[in-house]
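What follows is the content of protein_21.cif (mmCIF, C-alpha atoms).
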```cif
data_coords
loop_
_atom_site.group_PDB
_atom_site.id
_atom_site.type_symbol
_atom_site.label_atom_id
_atom_site.label_comp_id
_atom_site.auth_asym_id
_atom_site.auth_seq_id
_atom_site.Cartn_x
_atom_site.Cartn_y
_atom_site.Cartn_z
ATOM 1 C CA MET A 1 -10.377 -1.444 20.481
ATOM 2 C CA VAL A 2 -9.388 -2.457 16.964
ATOM 3 C CA ASN A 3 -7.433 0.740 16.267
ATOM 4 C CA THR A 4 -4.876 -0.311 18.887
ATOM 5 C CA MET A 5 -4.020 -3.404 16.855
ATOM 6 C CA ASN A 6 -0.395 -3.507 15.773
ATOM 7 C CA THR A 7 0.890 -4.428 12.343
ATOM 8 C CA GLU A 8 1.886 -7.954 13.384
ATOM 9 C CA GLU A 9 -1.624 -8.630 14.697
ATOM 10 C CA ILE A 10 -3.185 -7.368 11.469
ATOM 11 C CA MET A 11 -0.976 -9.560 9.275
ATOM 12 C CA SER A 12 -1.518 -12.544 11.568
ATOM 13 C CA LYS A 13 -5.320 -12.238 11.305
ATOM 14 C CA LEU A 14 -5.126 -11.860 7.529
ATOM 15 C CA THR A 15 -2.790 -14.816 7.167
ATOM 16 C CA GLN A 16 -5.022 -17.027 9.313
ATOM 17 C CA PHE A 17 -8.136 -16.088 7.351
ATOM 18 C CA VAL A 18 -6.564 -16.539 3.924
ATOM 19 C CA GLY A 19 -4.954 -19.758 5.156
ATOM 20 C CA LYS A 20 -8.424 -21.271 5.588
ATOM 21 C CA TYR A 21 -8.907 -21.058 1.817
ATOM 22 C CA VAL A 22 -5.368 -21.302 0.457
ATOM 23 C CA ASN A 23 -2.391 -23.340 1.607
ATOM 24 C CA ILE A 24 -0.458 -20.470 3.153
ATOM 25 C CA ASN A 25 2.846 -22.219 2.359
ATOM 26 C CA GLU A 26 2.048 -21.793 -1.345
ATOM 27 C CA ILE A 27 1.723 -18.022 -1.299
ATOM 28 C CA THR A 28 3.956 -15.051 -0.733
ATOM 29 C CA PRO A 29 2.636 -11.771 0.671
ATOM 30 C CA ASP A 30 2.680 -10.195 -2.795
ATOM 31 C CA LEU A 31 1.079 -13.083 -4.738
ATOM 32 C CA ASP A 32 -2.075 -12.014 -6.581
ATOM 33 C CA LEU A 33 -4.578 -14.443 -5.069
ATOM 34 C CA PHE A 34 -7.217 -13.882 -7.739
ATOM 35 C CA ALA A 35 -4.980 -13.916 -10.825
ATOM 36 C CA SER A 36 -3.290 -17.084 -9.538
ATOM 37 C CA GLY A 37 -6.658 -18.859 -9.422
ATOM 38 C CA ARG A 38 -6.261 -19.760 -5.750
ATOM 39 C CA VAL A 39 -9.477 -17.963 -4.710
ATOM 40 C CA ASN A 40 -12.811 -17.046 -6.291
ATOM 41 C CA SER A 41 -15.594 -14.464 -6.026
ATOM 42 C CA LEU A 42 -17.197 -16.245 -3.058
ATOM 43 C CA PHE A 43 -13.905 -15.831 -1.216
ATOM 44 C CA ALA A 44 -13.987 -12.108 -2.028
ATOM 45 C CA MET A 45 -17.401 -11.746 -0.403
ATOM 46 C CA GLN A 46 -16.268 -13.695 2.668
ATOM 47 C CA LEU A 47 -13.123 -11.582 2.827
ATOM 48 C CA VAL A 48 -15.104 -8.326 2.908
ATOM 49 C CA LEU A 49 -17.321 -9.677 5.705
ATOM 50 C CA PHE A 50 -14.256 -10.846 7.648
ATOM 51 C CA ILE A 51 -12.589 -7.438 7.343
ATOM 52 C CA GLU A 52 -15.698 -5.581 8.473
ATOM 53 C CA LYS A 53 -16.211 -7.878 11.462
ATOM 54 C CA ASP A 54 -12.634 -8.363 12.627
ATOM 55 C CA PHE A 55 -11.258 -4.901 11.939
ATOM 56 C CA GLY A 56 -14.379 -2.925 12.828
ATOM 57 C CA PHE A 57 -14.986 -0.742 9.805
ATOM 58 C CA LYS A 58 -17.355 -0.781 6.848
ATOM 59 C CA VAL A 59 -15.915 -1.590 3.452
ATOM 60 C CA GLU A 60 -17.515 1.060 1.261
ATOM 61 C CA ASN A 61 -18.450 0.631 -2.393
ATOM 62 C CA THR A 62 -15.559 2.944 -3.276
ATOM 63 C CA ASP A 63 -13.193 0.503 -1.498
ATOM 64 C CA LEU A 64 -14.235 -2.412 -3.713
ATOM 65 C CA ASP A 65 -11.207 -2.239 -5.980
ATOM 66 C CA ILE A 66 -9.290 -5.453 -6.691
ATOM 67 C CA GLU A 67 -6.090 -3.559 -5.891
ATOM 68 C CA ASN A 68 -7.187 -3.452 -2.221
ATOM 69 C CA PHE A 69 -7.812 -7.193 -1.988
ATOM 70 C CA LYS A 70 -5.552 -9.023 -4.423
ATOM 71 C CA SER A 71 -2.724 -10.040 -2.063
ATOM 72 C CA LEU A 72 -1.829 -10.197 1.609
ATOM 73 C CA ASP A 73 0.301 -7.074 1.157
ATOM 74 C CA ALA A 74 -2.570 -5.215 -0.545
ATOM 75 C CA LEU A 75 -5.019 -6.244 2.177
ATOM 76 C CA PHE A 76 -2.584 -5.191 4.870
ATOM 77 C CA ALA A 77 -2.063 -1.752 3.294
ATOM 78 C CA PHE A 78 -5.812 -1.282 2.791
ATOM 79 C CA ILE A 79 -6.578 -2.077 6.441
ATOM 80 C CA GLN A 80 -3.772 0.183 7.638
ATOM 81 C CA ARG A 81 -5.190 3.063 5.567
ATOM 82 C CA LYS A 82 -8.732 2.507 6.796
ATOM 83 C CA LEU A 83 -7.612 2.322 10.441
ATOM 84 C CA ASN A 84 -5.192 5.237 10.007
ATOM 85 C CA ILE A 85 -2.235 3.185 11.183
ATOM 86 C CA ALA A 86 1.164 4.402 9.980
#
```

In structure tokens, what does this structure look like?
Amino acid sequence: MVNTMNTEEIMSKLTQFVGKYVNINEITPDLDLFASGRVNSLFAMQLVLFIEKDFGFKVENTDLDIENFKSLDALFAFIQRKLNIA
């Protein structure tokens, strides 16, 4: 079950996914992926689909705030909140 995933597994999945689109050696966990120009709107759509599939929850319209998706740290915190992981 996805809710048993630990924090290291969450960050690992996120890093692997983002690494497909961005050279992971070029980014830090707090780098704003969109403001830096490293990703585009197509990436955002793929990211939402990835999160829904791999973490097992629906990204609601109210979740579609750039603050939830702009960096690895933001993504990690968003997924933790949605899965109720402390």

Point (-14.2, -5.0, 6.2) neighbourhood (12 Å, all atoms listed in the file) written as a PyMOL selection string
chain A and resi 14+44-61+63-64+68-69+75-76+78-80+82-83

Reference answer for the PyMOL selection byres ((chain A and resi 39) around 12), as a VMD selection string
chain A and resid 18 to 23 27 31 to 38 40 to 47 69 to 71

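A straight line drawn from CA of Asp30 in chain A to CA of Ala74 in chain A is 7.6 Å long.
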
To one decimal in Å, tell me the separation between CA of Thr28 in chain A and CA of Lys13 in chain A.
15.5 Å

Ranking A:Ile66, A:Met11, A:Leu72, A:Met5 by minimum distance to Pro29 in chain A and counting only C-alpha atoms, which one comes first?
A:Leu72

Would you compute, for all listed atoms of range 50-62 of chain A, the axis-aligned bounding box grown by 5 Å on each side, and then report its centre and edge lengths in Å rounded to one decimal, as JSON?
```
{"center_x": -14.9, "center_y": -4.0, "center_z": 4.8, "size_x": 17.2, "size_y": 23.8, "size_z": 26.1}
```

By how many Å are CA of Ile24 in chain A and CA of Ile85 in chain A apart?
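Computed distance, CA of Ile24 in chain A to CA of Ile85 in chain A, equals 25.0 Å.
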